Every structure is written in structure tokens, then in C-alpha cells.
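Peer 1: Structure supplied as query-v8.txt; contents: compact mmCIF, C-alpha atoms.
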```txt
# COMPACT_ATOMS: atom_id res chain seq x y z
CA MET A 1292 20.27 -31.63 20.17
CA ALA A 1293 17.96 -30.46 17.43
CA ARG A 1294 19.58 -30.72 14.02
CA TRP A 1295 19.06 -29.02 10.69
CA GLN A 1296 15.96 -30.46 9.08
CA PRO A 1297 15.96 -30.39 5.30
CA GLY A 1298 12.75 -28.90 3.99
CA ALA A 1299 11.54 -28.12 7.49
CA PRO A 1300 10.24 -24.59 6.78
CA GLU A 1301 8.30 -25.82 3.75
CA ARG A 1302 6.81 -28.69 5.77
CA LEU A 1303 5.89 -26.33 8.58
CA GLN A 1304 4.27 -23.93 6.14
CA ALA A 1305 2.23 -26.71 4.53
CA ALA A 1306 1.19 -27.99 7.97
CA ALA A 1307 0.22 -24.48 9.09
CA LEU A 1308 -1.92 -23.86 6.01
CA LYS A 1309 -3.67 -27.19 6.57
CA ARG A 1310 -4.40 -26.45 10.21
CA PHE A 1311 -5.44 -22.83 9.59
CA ALA A 1312 -7.90 -24.04 6.93
CA GLU A 1313 -9.34 -26.67 9.26
CA GLN A 1314 -9.56 -24.79 12.54
CA GLY A 1315 -8.86 -21.13 11.78
CA TYR A 1316 -5.79 -18.99 12.26
CA ASP A 1317 -6.61 -17.94 15.83
CA GLY A 1318 -7.58 -21.47 16.80
CA THR A 1319 -4.26 -23.01 15.79
CA THR A 1320 -1.21 -23.27 18.05
CA VAL A 1321 2.44 -23.59 17.12
CA ALA A 1322 2.47 -26.96 18.91
CA GLU A 1323 -0.27 -28.23 16.57
CA ILE A 1324 1.53 -26.95 13.48
CA ALA A 1325 4.77 -28.63 14.54
CA ALA A 1326 2.98 -31.89 15.36
CA THR A 1327 1.20 -31.88 11.98
CA ALA A 1328 4.58 -31.45 10.27
CA GLY A 1329 6.09 -34.23 12.41
CA LEU A 1330 8.55 -31.76 13.91
CA THR A 1331 9.12 -30.25 17.34
CA GLU A 1332 8.10 -26.81 18.54
CA ARG A 1333 11.78 -26.14 19.02
CA THR A 1334 12.37 -26.75 15.32
CA PHE A 1335 9.47 -24.43 14.51
CA PHE A 1336 11.01 -21.61 16.50
CA ARG A 1337 14.37 -22.13 14.81
CA TYR A 1338 12.75 -20.93 11.57
CA PHE A 1339 9.90 -18.65 12.64
CA ALA A 1340 9.38 -16.13 15.42
CA ASP A 1341 5.64 -16.92 15.59
CA LYS A 1342 2.84 -18.51 13.61
CA ARG A 1343 2.27 -15.35 11.60
CA GLU A 1344 5.75 -15.57 10.13
CA VAL A 1345 4.97 -18.93 8.57
CA LEU A 1346 2.63 -17.14 6.20
CA PHE A 1347 5.37 -14.77 5.07
CA TYR A 1348 8.07 -17.38 4.59
CA GLY A 1349 9.76 -16.94 1.21
CA ARG A 1350 9.18 -13.23 1.13
CA GLU A 1351 12.78 -12.45 0.10
CA ALA A 1352 12.67 -14.95 -2.76
CA PHE A 1353 9.35 -13.46 -3.88
CA GLU A 1354 10.78 -9.95 -3.97
CA ARG A 1355 13.98 -11.16 -5.60
CA VAL A 1356 12.04 -12.50 -8.59
CA PHE A 1357 10.67 -9.05 -9.39
CA ILE A 1358 14.00 -7.29 -8.83
CA ASP A 1359 15.85 -9.83 -11.00
CA GLY A 1360 13.19 -9.33 -13.64
CA ILE A 1361 13.79 -5.57 -13.64
CA GLU A 1362 17.56 -5.94 -13.66
CA LYS A 1363 17.52 -8.40 -16.56
CA ALA A 1364 14.74 -6.83 -18.62
CA GLU A 1365 15.42 -5.54 -22.10
CA ASP A 1366 15.57 -1.77 -22.43
CA GLY A 1367 12.29 0.02 -22.83
CA ASN A 1368 10.08 2.46 -20.99
CA ALA A 1369 9.51 1.99 -17.26
CA LEU A 1370 6.24 0.15 -17.70
CA SER A 1371 7.63 -2.30 -20.25
CA ILE A 1372 10.48 -3.12 -17.86
CA VAL A 1373 7.96 -3.74 -15.08
CA ALA A 1374 5.87 -5.88 -17.43
CA GLN A 1375 8.91 -8.08 -18.07
CA ALA A 1376 9.42 -8.46 -14.31
CA LEU A 1377 5.78 -9.50 -13.91
CA LEU A 1378 6.20 -12.18 -16.55
CA ARG A 1379 9.15 -13.56 -14.62
CA ALA A 1380 6.95 -13.63 -11.51
CA GLY A 1381 4.43 -15.57 -13.57
CA ASP A 1382 7.04 -18.31 -14.03
CA PHE A 1383 7.76 -18.29 -10.28
CA PHE A 1384 4.09 -18.90 -9.44
CA GLY A 1385 3.57 -22.03 -11.49
CA ASP A 1386 0.27 -23.87 -11.39
CA ASP A 1387 1.74 -26.25 -8.79
CA ARG A 1388 1.66 -23.28 -6.42
CA ARG A 1389 -1.91 -22.29 -7.06
CA GLU A 1390 -3.54 -24.37 -4.31
CA ARG A 1391 -1.03 -23.23 -1.71
CA SER A 1392 -1.46 -19.58 -2.75
CA ARG A 1393 -5.23 -19.98 -2.55
CA ALA A 1394 -5.02 -21.50 0.95
CA ARG A 1395 -2.63 -18.80 2.11
CA GLN A 1396 -4.83 -16.02 0.74
CA ALA A 1397 -7.88 -17.44 2.52
CA VAL A 1398 -6.02 -17.24 5.84
CA ILE A 1399 -4.80 -13.70 5.13
CA ALA A 1400 -8.34 -12.61 4.26
CA SER A 1401 -9.61 -13.97 7.58
CA ASP A 1402 -7.56 -11.66 9.78
CA PRO A 1403 -7.14 -7.86 9.56
CA SER A 1404 -3.63 -7.88 11.03
CA LEU A 1405 -2.53 -10.39 8.39
CA GLN A 1406 -4.11 -8.23 5.68
CA GLU A 1407 -2.12 -5.27 6.96
CA ARG A 1408 1.08 -7.25 6.95
CA GLU A 1409 0.39 -8.36 3.38
CA LEU A 1410 -0.29 -4.80 2.24
CA LEU A 1411 2.95 -3.65 3.82
CA LYS A 1412 4.78 -6.48 2.06
CA LEU A 1413 3.43 -5.40 -1.32
CA SER A 1414 4.19 -1.79 -0.54
CA ALA A 1415 7.79 -2.72 0.29
CA LEU A 1416 7.91 -4.67 -2.98
CA ALA A 1417 6.84 -1.59 -4.94
CA GLU A 1418 9.49 0.46 -3.18
CA SER A 1419 12.22 -2.07 -4.01
CA MET A 1420 11.05 -2.23 -7.62
CA ALA A 1421 11.16 1.56 -7.87
CA GLY A 1422 14.74 1.44 -6.55
CA ALA A 1423 15.71 -1.14 -9.18
CA LEU A 1424 14.14 1.02 -11.89
CA ARG A 1425 16.07 4.09 -10.70
CA ALA A 1426 19.25 2.00 -10.80
CA ARG A 1427 18.51 1.51 -14.51
CA GLY A 1428 18.35 5.26 -15.05
CA ILE A 1429 14.57 5.71 -14.89
CA ASN A 1430 13.62 9.02 -13.26
CA ALA A 1431 12.27 8.80 -9.72
CA THR A 1432 8.70 9.81 -10.55
CA ALA A 1433 8.35 7.37 -13.45
CA ALA A 1434 10.00 4.65 -11.36
CA THR A 1435 7.51 5.06 -8.49
CA LEU A 1436 4.49 5.26 -10.78
CA ALA A 1437 5.52 2.25 -12.87
CA ALA A 1438 6.35 0.17 -9.79
CA GLU A 1439 3.06 1.00 -8.02
CA SER A 1440 1.01 0.41 -11.18
CA GLY A 1441 2.87 -2.84 -11.78
CA VAL A 1442 2.23 -4.11 -8.26
CA ALA A 1443 -1.44 -3.19 -8.68
CA ALA A 1444 -1.52 -5.20 -11.92
CA PHE A 1445 0.16 -8.11 -10.15
CA ARG A 1446 -2.41 -7.99 -7.33
CA VAL A 1447 -5.33 -7.91 -9.72
CA ALA A 1448 -3.89 -10.80 -11.73
CA PHE A 1449 -3.03 -12.82 -8.63
CA THR A 1450 -6.58 -12.40 -7.32
CA SER A 1451 -7.94 -13.72 -10.63
CA TRP A 1452 -5.45 -16.59 -10.68
CA ILE A 1453 -6.50 -17.93 -7.27
CA ALA A 1454 -10.25 -17.42 -7.84
CA ASP A 1455 -12.36 -20.58 -7.69
CA GLY A 1456 -12.43 -22.35 -11.02
CA GLU A 1457 -9.78 -20.16 -12.68
CA ARG A 1458 -7.73 -22.25 -15.15
CA ARG A 1459 -5.53 -19.65 -16.81
CA SER A 1460 -1.90 -19.34 -15.70
CA LEU A 1461 -0.75 -16.34 -13.66
CA ALA A 1462 1.15 -15.13 -16.74
CA GLU A 1463 -2.10 -15.10 -18.72
CA CYS A 1464 -3.94 -13.27 -15.92
CA GLN A 1465 -1.12 -10.73 -15.81
CA GLU A 1466 -1.21 -10.21 -19.54
CA GLU A 1467 -4.88 -9.31 -19.22
CA ALA A 1468 -4.19 -6.89 -16.33
CA LEU A 1469 -1.39 -5.21 -18.32
CA VAL A 1470 -3.69 -4.79 -21.31
CA GLU A 1471 -6.19 -3.08 -19.00
CA LEU A 1472 -3.47 -0.89 -17.51
CA ARG A 1473 -2.21 0.21 -20.92
CA ALA A 1474 -5.78 0.93 -22.00
CA LEU A 1475 -6.25 3.19 -18.97
CA LEU A 1476 -3.12 5.16 -19.65
CA ASP A 1477 -3.74 5.51 -23.36
CA PRO A 1478 -6.46 8.13 -23.93
CA ALA A 1479 -6.76 6.99 -27.56
CA SER A 1480 -7.74 3.47 -26.59
CA MET B 793 -17.76 18.98 33.76
CA ALA B 794 -15.72 19.24 30.59
CA ARG B 795 -17.63 20.93 27.82
CA TRP B 796 -17.44 20.90 24.05
CA GLN B 797 -14.48 23.01 22.97
CA PRO B 798 -14.87 24.62 19.56
CA GLY B 799 -11.82 23.95 17.41
CA ALA B 800 -10.26 21.75 20.08
CA PRO B 801 -9.10 18.92 17.78
CA GLU B 802 -7.46 21.40 15.40
CA ARG B 803 -5.74 23.16 18.31
CA LEU B 804 -4.55 19.85 19.72
CA GLN B 805 -3.24 18.81 16.32
CA ALA B 806 -1.33 22.07 15.87
CA ALA B 807 0.07 21.75 19.40
CA ALA B 808 1.11 18.15 18.79
CA LEU B 809 2.91 19.00 15.54
CA LYS B 810 4.75 21.81 17.31
CA ARG B 811 5.84 19.58 20.17
CA PHE B 812 6.77 16.63 17.93
CA ALA B 813 8.96 18.97 15.83
CA GLU B 814 10.67 20.36 18.92
CA GLN B 815 11.21 17.25 21.00
CA GLY B 816 10.38 14.26 18.81
CA TYR B 817 7.34 12.02 18.63
CA ASP B 818 8.51 9.57 21.29
CA GLY B 819 9.64 12.36 23.59
CA THR B 820 6.24 14.07 23.69
CA THR B 821 3.45 13.22 26.14
CA VAL B 822 -0.26 13.79 25.81
CA ALA B 823 -0.05 16.06 28.89
CA GLU B 824 2.44 18.30 27.06
CA ILE B 825 0.31 18.44 23.93
CA ALA B 826 -2.77 19.38 25.93
CA ALA B 827 -0.87 22.03 27.91
CA THR B 828 0.54 23.53 24.70
CA ALA B 829 -2.99 23.77 23.33
CA GLY B 830 -4.25 25.31 26.59
CA LEU B 831 -6.57 22.35 27.12
CA THR B 832 -6.80 19.49 29.59
CA GLU B 833 -5.71 15.89 29.06
CA ARG B 834 -9.32 14.96 29.57
CA THR B 835 -10.29 17.09 26.59
CA PHE B 836 -7.51 15.47 24.56
CA PHE B 837 -8.89 12.02 25.27
CA ARG B 838 -12.38 13.09 24.33
CA TYR B 839 -11.14 13.46 20.73
CA PHE B 840 -8.23 11.05 20.43
CA ALA B 841 -7.43 7.59 21.76
CA ASP B 842 -3.69 8.35 21.88
CA LYS B 843 -1.10 10.74 20.51
CA ARG B 844 -0.79 8.78 17.28
CA GLU B 845 -4.42 9.49 16.42
CA VAL B 846 -3.76 13.23 16.39
CA LEU B 847 -1.70 12.71 13.26
CA PHE B 848 -4.58 10.98 11.51
CA TYR B 849 -7.27 13.45 12.47
CA GLY B 850 -9.33 14.46 9.44
CA ARG B 851 -8.82 11.16 7.69
CA GLU B 852 -12.52 10.79 6.82
CA ALA B 853 -12.68 14.28 5.33
CA PHE B 854 -9.53 13.52 3.34
CA GLU B 855 -11.02 10.36 1.89
CA ARG B 856 -14.35 12.06 1.26
CA VAL B 857 -12.71 14.62 -1.02
CA PHE B 858 -11.51 11.89 -3.37
CA ILE B 859 -14.77 9.97 -3.28
CA ASP B 860 -16.79 13.13 -3.95
CA GLY B 861 -14.43 13.88 -6.80
CA ILE B 862 -15.10 10.49 -8.36
CA GLU B 863 -18.84 10.71 -7.84
CA LYS B 864 -19.07 14.18 -9.38
CA ALA B 865 -16.55 13.73 -12.20
CA GLU B 866 -17.60 14.02 -15.82
CA ASP B 867 -17.81 10.76 -17.72
CA GLY B 868 -14.60 9.39 -19.15
CA ASN B 869 -12.32 6.43 -18.74
CA ALA B 870 -11.38 5.34 -15.22
CA LEU B 871 -8.13 7.28 -15.16
CA SER B 872 -9.71 10.52 -16.32
CA ILE B 873 -12.29 10.19 -13.54
CA VAL B 874 -9.48 9.65 -11.02
CA ALA B 875 -7.61 12.64 -12.44
CA GLN B 876 -10.68 14.81 -11.77
CA ALA B 877 -10.77 13.52 -8.18
CA LEU B 878 -7.10 14.41 -7.73
CA LEU B 879 -7.76 17.95 -8.90
CA ARG B 880 -10.45 18.26 -6.26
CA ALA B 881 -7.94 17.05 -3.68
CA GLY B 882 -5.61 19.77 -4.94
CA ASP B 883 -8.21 22.35 -3.90
CA PHE B 884 -8.54 20.69 -0.48
CA PHE B 885 -4.79 20.99 0.16
CA GLY B 886 -4.44 24.71 -0.41
CA ASP B 887 -1.12 26.42 0.16
CA ASP B 888 -2.26 27.43 3.66
CA ARG B 889 -1.99 23.71 4.50
CA ARG B 890 1.49 23.21 3.13
CA GLU B 891 3.43 23.94 6.34
CA ARG B 892 1.18 21.72 8.43
CA SER B 893 1.45 18.90 5.88
CA ARG B 894 5.23 19.28 5.85
CA ALA B 895 5.41 19.15 9.66
CA ARG B 896 3.12 16.14 9.77
CA GLN B 897 5.12 14.28 7.12
CA ALA B 898 8.36 14.89 9.01
CA VAL B 899 6.86 13.22 12.09
CA ILE B 900 5.52 10.30 10.06
CA ALA B 901 8.94 9.79 8.43
CA SER B 902 10.55 9.64 11.87
CA ASP B 903 8.71 6.53 13.04
CA PRO B 904 8.21 3.19 11.23
CA SER B 905 4.87 2.45 12.92
CA LEU B 906 3.54 5.83 11.75
CA GLN B 907 4.79 5.11 8.23
CA GLU B 908 2.90 1.81 8.28
CA ARG B 909 -0.24 3.50 9.47
CA GLU B 910 0.09 6.09 6.70
CA LEU B 911 0.57 3.37 4.06
CA LEU B 912 -2.50 1.57 5.32
CA LYS B 913 -4.46 4.82 5.17
CA LEU B 914 -3.50 5.35 1.53
CA SER B 915 -4.24 1.73 0.73
CA ALA B 916 -7.70 2.10 2.25
CA LEU B 917 -8.15 5.26 0.20
CA ALA B 918 -7.34 3.36 -3.01
CA GLU B 919 -9.84 0.67 -2.05
CA SER B 920 -12.58 3.22 -1.41
CA MET B 921 -11.80 4.96 -4.69
CA ALA B 922 -12.00 1.65 -6.56
CA GLY B 923 -15.41 1.08 -4.96
CA ALA B 924 -16.62 4.52 -6.07
CA LEU B 925 -15.39 3.79 -9.62
CA ARG B 926 -17.22 0.45 -9.67
CA ALA B 927 -20.35 2.27 -8.52
CA ARG B 928 -20.00 4.36 -11.69
CA GLY B 929 -19.98 1.19 -13.80
CA ILE B 930 -16.23 0.84 -14.28
CA ASN B 931 -15.15 -2.83 -14.37
CA ALA B 932 -13.38 -4.11 -11.26
CA THR B 933 -9.95 -4.52 -12.85
CA ALA B 934 -9.88 -1.06 -14.39
CA ALA B 935 -11.25 0.42 -11.14
CA THR B 936 -8.47 -1.10 -9.03
CA LEU B 937 -5.72 -0.19 -11.47
CA ALA B 938 -6.94 3.39 -11.90
CA ALA B 939 -7.38 3.88 -8.14
CA GLU B 940 -3.95 2.48 -7.28
CA SER B 941 -2.23 4.43 -10.05
CA GLY B 942 -4.08 7.57 -9.00
CA VAL B 943 -3.06 7.21 -5.36
CA ALA B 944 0.54 6.65 -6.50
CA ALA B 945 0.33 9.86 -8.55
CA PHE B 946 -1.13 11.68 -5.53
CA ARG B 947 1.73 10.44 -3.31
CA VAL B 948 4.39 11.48 -5.80
CA ALA B 949 2.78 14.91 -6.19
CA PHE B 950 2.29 15.37 -2.46
CA THR B 951 5.96 14.55 -1.83
CA SER B 952 6.97 17.20 -4.36
CA TRP B 953 4.53 19.72 -2.92
CA ILE B 954 5.96 19.52 0.60
CA ALA B 955 9.61 19.41 -0.50
CA ASP B 956 11.77 22.27 0.78
CA GLY B 957 11.51 25.31 -1.44
CA GLU B 958 8.67 23.96 -3.61
CA ARG B 959 6.41 26.84 -4.71
CA ARG B 960 4.02 25.12 -7.10
CA SER B 961 0.51 24.26 -5.90
CA LEU B 962 -0.46 20.65 -5.24
CA ALA B 963 -2.68 20.82 -8.32
CA GLU B 964 0.34 21.71 -10.45
CA CYS B 965 2.44 18.93 -8.91
CA GLN B 966 -0.40 16.50 -9.60
CA GLU B 967 -0.71 17.64 -13.19
CA GLU B 968 2.96 16.80 -13.64
CA ALA B 969 2.55 13.38 -12.00
CA LEU B 970 -0.42 12.57 -14.24
CA VAL B 971 1.58 13.54 -17.32
CA GLU B 972 4.36 11.20 -16.13
CA LEU B 973 1.84 8.45 -15.49
CA ARG B 974 0.46 8.68 -19.02
CA ALA B 975 4.00 8.94 -20.40
CA LEU B 976 4.88 5.53 -18.96
CA LEU B 977 3.48 4.18 -22.21
CA ASP B 978 5.52 6.55 -24.33
CA PRO B 979 8.28 4.61 -26.13
CA ALA B 980 10.58 7.63 -25.77
CA SER B 981 10.29 7.81 -21.99
```
Show me this structure written as C-alpha cells.

Peer 2:
Amino acid sequence: MARWQPGAPERLQAAALKRFAEQGYDGTTVAEIAATAGLTERTFFRYFADKREVLFYGREAFERVFIDGIEKAEDGNALSIVAQALLRAGDFFGDDRRERSRARQAVIASDPSLQERELLKLSALAESMAGALRARGINATAATLAAESGVAAFRVAFTSWIADGERRSLAECQEEALVELRALLDPAS
Amino acid sequence: MARWQPGAPERLQAAALKRFAEQGYDGTTVAEIAATAGLTERTFFRYFADKREVLFYGREAFERVFIDGIEKAEDGNALSIVAQALLRAGDFFGDDRRERSRARQAVIASDPSLQERELLKLSALAESMAGALRARGINATAATLAAESGVAAFRVAFTSWIADGERRSLAECQEEALVELRALLDPAS
């Protein structure tokens, strides 16, 4: 009987990223991932439907950070609420996560179907954020625009953060992206 | 020998939208679409790989309108260039297209895989727009943020434009969305 394995999904994710980096996403089997993690295939399939899912493990927690950030933000206009949510996300992606995020992004970039899945994930995030903004009384148009602009700022900042040689924190990269966003929207800038 | 049929893709698209509205997307076959258009299945498959593709016919022309708009816009900051491209798109979607756009959107909304395809189309549009902005000398961060915000404004405006009973032009709906986008920075909003 297979039993609950503490930390198993995290170990499987780390093993998958290692294998994908070494031998490519297509060239890696679930059996190899499980073996690298010192676990069985059966344990793998208790947590993930297929090897693609390993890359999207933690998606709910990721989204929750942004939604919590919106729910707990101080009052302000829609964009300032989104900016507060991004800063909370900056805490979530500490520098201890940078290498893993970099490895994951390299795998995503290597496969069009993974890129699509990632885009859909970010699109769903923007939709959830817009819903959380509406729940705070922001009108639907402003909520959608602020959420989409905020996710775009997050993407830009995240791409900087995982670039080779980047030393700034995600929060610092986001601050820069938000400055750029405000400059775009402000015709006087 | 099947010959070139002038206007065939447009006729097939109109026939498909009619059938999808009457009997649902899943419940419609390519044979029925072709028969409704007074064409053969063979002609259908000369233009489209499957019935899904009919809904995305004209995608290149759609994207081209935005890219042309960016290339031909007067100088300004990235968002003002994007705003000029949106106005050009407003001319492309004249009121004679409203019913077709409404019918198409109803089909898209009925099927998650079509929604995904539509999201990916808009995401690709934003990426192309960012590229056209960079080609005008806009920095990469501003280009991405302006393109994503602009596509979000387009989506919001398009949704208003095809809402039941809406009489304003797409250009007017876009003007409103752009005002809302700029107002995200307004402390009073």
C-alpha cells in the first residue's frame, strides 16, 4: 500500500525540473521523474495526472497570493490596489525561488503547448483578480483593465527577475514595471 | 475538378454561424455547413482544416489592422500610439459587422476550447503589437505594458459593443475604455 509521502509533490517537481533541464521535456518519462525523486510512479500519479501538471503544481497558492493581496489592500484606486497585490506576490517569490522559477520558465519556453497553458493560467489569474476588485466595489471596466495591466506588469517584472545575472528582488523589478505603467497612463509624465 | 469559389470562405463562415446559432457548435457538422452555404465539403476543406477554423477566419487581417495602426500612428508615448491603432480597429469593425461579431462571440462563449483559442489569439495580438512598438523605438517594458493594456481596452470595448441593445460604435466604446484606462491613476476613481 502506497502511503502519504510528506513533501512528495515538491520532490517530484524538483526532480522533474532537473530531468527536463538535462534531457528535455519530451525526452523525460514519468518513470524517470519518480526514480529521480526516489518515489514510485504510483506516487507520482497520486499527485499529478501527467508530467505537464508537475509544472503547474502550486497554481492555486499562486493565485491565492494575488487575491489575498487585493482583499487586504488599503483603499485606493484600482491600480493602487493591484500594485499592493503585486508587492505581496513579490514576498511569495523570494530569492530562494529564483532558480526554480528560472528552470521552470526554461521548460515552458521550450514547448508551445506549455506556453499556451501558461498564458491561460495568467489569463485566469487576471480574471480572478478582476472579480476580487469588483467585490471591493470597483466598476467592471476599471477592474478588468487594472487586473490585465497588473498581470502584464507582473509578467514583465518576472521576466526581468529570472533573467541571467539579475540580482534585484522580484519586488524591485515590479516597482520598476509599475513606474513604467504609471508613466504610460499619465500623459503629463 | 473543384474550382476557386469567389467569396467561398465568407459564405462558409456565415453558414457556420447560422448553423451554430440554431443547433449548437457541437451539434453541427462540416457537411451541414457546406450544404447551408451551397458548397461542397471538399470546398470547405480547401479553406479550413476543421469547423473550428471557420471561427478564426480573417485572423491575419484582424491583426494587420492593429499593426498598421501602430506603424502609421503619429509619434507619442506608447499608449497614445496604441490608442491610434485601436481607433483604426474601430473603423475595421463597422456597424455592419456587429451582428456577425455578436453571433461569433456567442459560439465562442459556448465552448471552453474556443474560449482558449480566442484568448491565445488576443495574446498573440498583444505580442505582435509589442513588437511593432519596439520597432518604433519604444523600450521593451513600455511596449509590452502598452500592448497588453491596449488589448485589454479593446476587449472591454468589444464586449460593450456587442452587448444586447448597444448602439454606440466600437470607436466610441473604445474611447470610453481608454478614458477608464487612463483614469486608473486618478485618485478619485

Peer 1: Name the residues in contact with A:Arg1425 at a cut-off of 9 Å, using all atoms listed in the file, excluding same-chain residues fewer than 6 positions from it; report them as a list in words.

Peer 2: Ala1431, Ala1433, Ala1434 and Thr1435 of chain A

Peer 1: Dump as a list of chain:residue names the residues of chain B that approach chain A to within 8 Å, counting only C-alpha atoms.

Peer 2: B:Asn869, B:Ala870, B:Leu871, B:Glu908, B:Leu911, B:Leu912, B:Ser915, B:Thr933, B:Ala934, B:Thr936, B:Leu937, B:Ala938, B:Glu940, B:Ser941, B:Ala944, B:Ala945, B:Val948, B:Ala969, B:Glu972, B:Leu973, B:Arg974, B:Leu976, B:Leu977, B:Asp978, B:Pro979, B:Ala980, B:Ser981

Peer 1: Restricting the calculation to only C-alpha atoms: of B:Arg851, B:Arg890, B:Lys864, B:Lys810, which residue gets closest to B:Gly957?

Peer 2: B:Arg890

Peer 1: For B:Asp818, please output as a list in words all residues within 12 Å (counting only C-alpha atoms; exclusion window: fewer than 3 positions along the same chain).

Peer 2: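 Answer for this query is Ala808, Arg811, Phe812, Ala813, Glu814, Gln815, Thr821, Val822, Lys843, Arg844, Val899, Ile900, Ser902, Asp903, Pro904, Ser905 and Leu906 of chain B.
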
Peer 1: From the options B:Ala895, B:Leu879, B:Ala901, B:Ala927, which residue's atoms come nearest to B:Leu809, counting all atoms listed in the file?

Peer 2: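 That would be B:Ala895, the residue with the smallest distance to B:Leu809.
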
Peer 1: Enter the distance from atom CA of A:Glu1362 to atom CA of A:Lys1412, in Å, rounded to one decimal.

Peer 2: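 These two atoms are separated by 20.3 Å.
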
Peer 1: Give me the residues within 10 Å of B:Phe836 as a VMD selection string, counting all atoms listed in the file and dropping any in the same chain fewer than 4 places off.

Peer 2: chain B and resid 800 to 801 804 to 805 822 to 823 825 to 827 829 831 to 832 840 to 843 846

Peer 1: Would you mind exporting C-alpha atoms of the selected residues as a compact mmCIF listing (two decimals), in the frame of the given file?

Peer 2:
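Saved result, out_28.txt, follows:
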```
# COMPACT_ATOMS: atom_id res chain seq x y z
CA ALA B 800 -10.26 21.75 20.08
CA PRO B 801 -9.10 18.92 17.78
CA LEU B 804 -4.55 19.85 19.72
CA GLN B 805 -3.24 18.81 16.32
CA VAL B 822 -0.26 13.79 25.81
CA ALA B 823 -0.05 16.06 28.89
CA ILE B 825 0.31 18.44 23.93
CA ALA B 826 -2.77 19.38 25.93
CA ALA B 827 -0.87 22.03 27.91
CA ALA B 829 -2.99 23.77 23.33
CA LEU B 831 -6.57 22.35 27.12
CA THR B 832 -6.80 19.49 29.59
CA PHE B 840 -8.23 11.05 20.43
CA ALA B 841 -7.43 7.59 21.76
CA ASP B 842 -3.69 8.35 21.88
CA LYS B 843 -1.10 10.74 20.51
CA VAL B 846 -3.76 13.23 16.39
```

Peer 1: From (-1.4, -20.7, -19.3), in the file's coordinates, out to 12 Å: which residues are reached, counting all atoms listed in the file? Answer as JSON, numbers by chain.

Peer 2: {"A": [1378, 1381, 1382, 1384, 1385, 1386, 1452, 1457, 1458, 1459, 1460, 1461, 1462, 1463, 1464, 1465, 1466, 1467]}

Peer 1: Just give me the gap between atom CA of A:Thr1450 and atom CA of B:Ala922 in Å, one decimal is fine.

Peer 2: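 These atoms are spaced 15.1 Å apart.
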
Peer 1: If you measure from atom CA of A:Asp1359 to atom CA of A:Ala1376, what distance in Å do you get, rounded to one decimal?

Peer 2: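 Going from atom CA of A:Asp1359 over to atom CA of A:Ala1376, I get 7.4 Å.
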
Peer 1: Contacts of A:Arg1355 at 10 Å or less, counting all atoms listed in the file, minus same-chain residues fewer than 6 places along, as a ChimeraX atom specification?

Peer 2: /A:1349,1361,1380,1416,1419-1420

Peer 1: Using the selection just defined, write its residues with C-alpha atoms as a JSON list (two decimals), in the frame of the given file.

Peer 2:
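The resulting again_18.json:
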```
[["chain", "number", "residue", "atom", "x", "y", "z"],
["A", 1349, "GLY", "CA", 9.76, -16.94, 1.21],
["A", 1361, "ILE", "CA", 13.79, -5.57, -13.64],
["A", 1380, "ALA", "CA", 6.95, -13.63, -11.51],
["A", 1416, "LEU", "CA", 7.91, -4.67, -2.98],
["A", 1419, "SER", "CA", 12.22, -2.07, -4.01],
["A", 1420, "MET", "CA", 11.05, -2.23, -7.62]]
```

Peer 1: Using only C-alpha atoms for the distances, tell me which of A:Asp1366, A:Leu1377, A:Glu1390, A:Glu1354 is nearest to A:Glu1418.

Peer 2: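 Under the stated criterion, the closest residue is A:Glu1354.
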
Peer 1: Missing atoms in stretch 849-860 of chain B: can you complete it with N, CA and C atoms, as a PDB file, in the frame of the given file?

Peer 2:
```pdb
ATOM      1  N   TYR B 849      -6.021  12.703  12.364  1.00  0.00           N
ATOM      2  CA  TYR B 849      -7.270  13.450  12.470  1.00  0.00           C
ATOM      3  C   TYR B 849      -7.627  14.020  11.090  1.00  0.00           C
ATOM      4  N   GLY B 850      -8.903  13.913  10.727  1.00  0.00           N
ATOM      5  CA  GLY B 850      -9.330  14.460   9.440  1.00  0.00           C
ATOM      6  C   GLY B 850      -9.255  13.446   8.318  1.00  0.00           C
ATOM      7  N   ARG B 851      -8.956  12.218   8.686  1.00  0.00           N
ATOM      8  CA  ARG B 851      -8.820  11.160   7.690  1.00  0.00           C
ATOM      9  C   ARG B 851     -10.103  10.944   6.873  1.00  0.00           C
ATOM     10  N   GLU B 852     -11.251  11.015   7.536  1.00  0.00           N
ATOM     11  CA  GLU B 852     -12.520  10.790   6.820  1.00  0.00           C
ATOM     12  C   GLU B 852     -12.757  11.911   5.807  1.00  0.00           C
ATOM     13  N   ALA B 853     -12.481  13.142   6.233  1.00  0.00           N
ATOM     14  CA  ALA B 853     -12.680  14.280   5.330  1.00  0.00           C
ATOM     15  C   ALA B 853     -11.741  14.151   4.117  1.00  0.00           C
ATOM     16  N   PHE B 854     -10.529  13.725   4.396  1.00  0.00           N
ATOM     17  CA  PHE B 854      -9.530  13.520   3.340  1.00  0.00           C
ATOM     18  C   PHE B 854     -10.045  12.517   2.302  1.00  0.00           C
ATOM     19  N   GLU B 855     -10.524  11.393   2.795  1.00  0.00           N
ATOM     20  CA  GLU B 855     -11.020  10.360   1.890  1.00  0.00           C
ATOM     21  C   GLU B 855     -12.266  10.841   1.135  1.00  0.00           C
ATOM     22  N   ARG B 856     -13.097  11.572   1.851  1.00  0.00           N
ATOM     23  CA  ARG B 856     -14.350  12.060   1.260  1.00  0.00           C
ATOM     24  C   ARG B 856     -14.110  12.937   0.034  1.00  0.00           C
ATOM     25  N   VAL B 857     -13.033  13.729   0.095  1.00  0.00           N
ATOM     26  CA  VAL B 857     -12.710  14.620  -1.020  1.00  0.00           C
ATOM     27  C   VAL B 857     -12.501  13.814  -2.307  1.00  0.00           C
ATOM     28  N   PHE B 858     -11.776  12.718  -2.186  1.00  0.00           N
ATOM     29  CA  PHE B 858     -11.510  11.890  -3.370  1.00  0.00           C
ATOM     30  C   PHE B 858     -12.780  11.190  -3.850  1.00  0.00           C
ATOM     31  N   ILE B 859     -13.550  10.695  -2.893  1.00  0.00           N
ATOM     32  CA  ILE B 859     -14.770   9.970  -3.280  1.00  0.00           C
ATOM     33  C   ILE B 859     -15.769  10.923  -3.930  1.00  0.00           C
ATOM     34  N   ASP B 860     -15.934  12.106  -3.336  1.00  0.00           N
ATOM     35  CA  ASP B 860     -16.790  13.130  -3.950  1.00  0.00           C
ATOM     36  C   ASP B 860     -16.321  13.444  -5.364  1.00  0.00           C
TER      37      ASP B 860
END
```
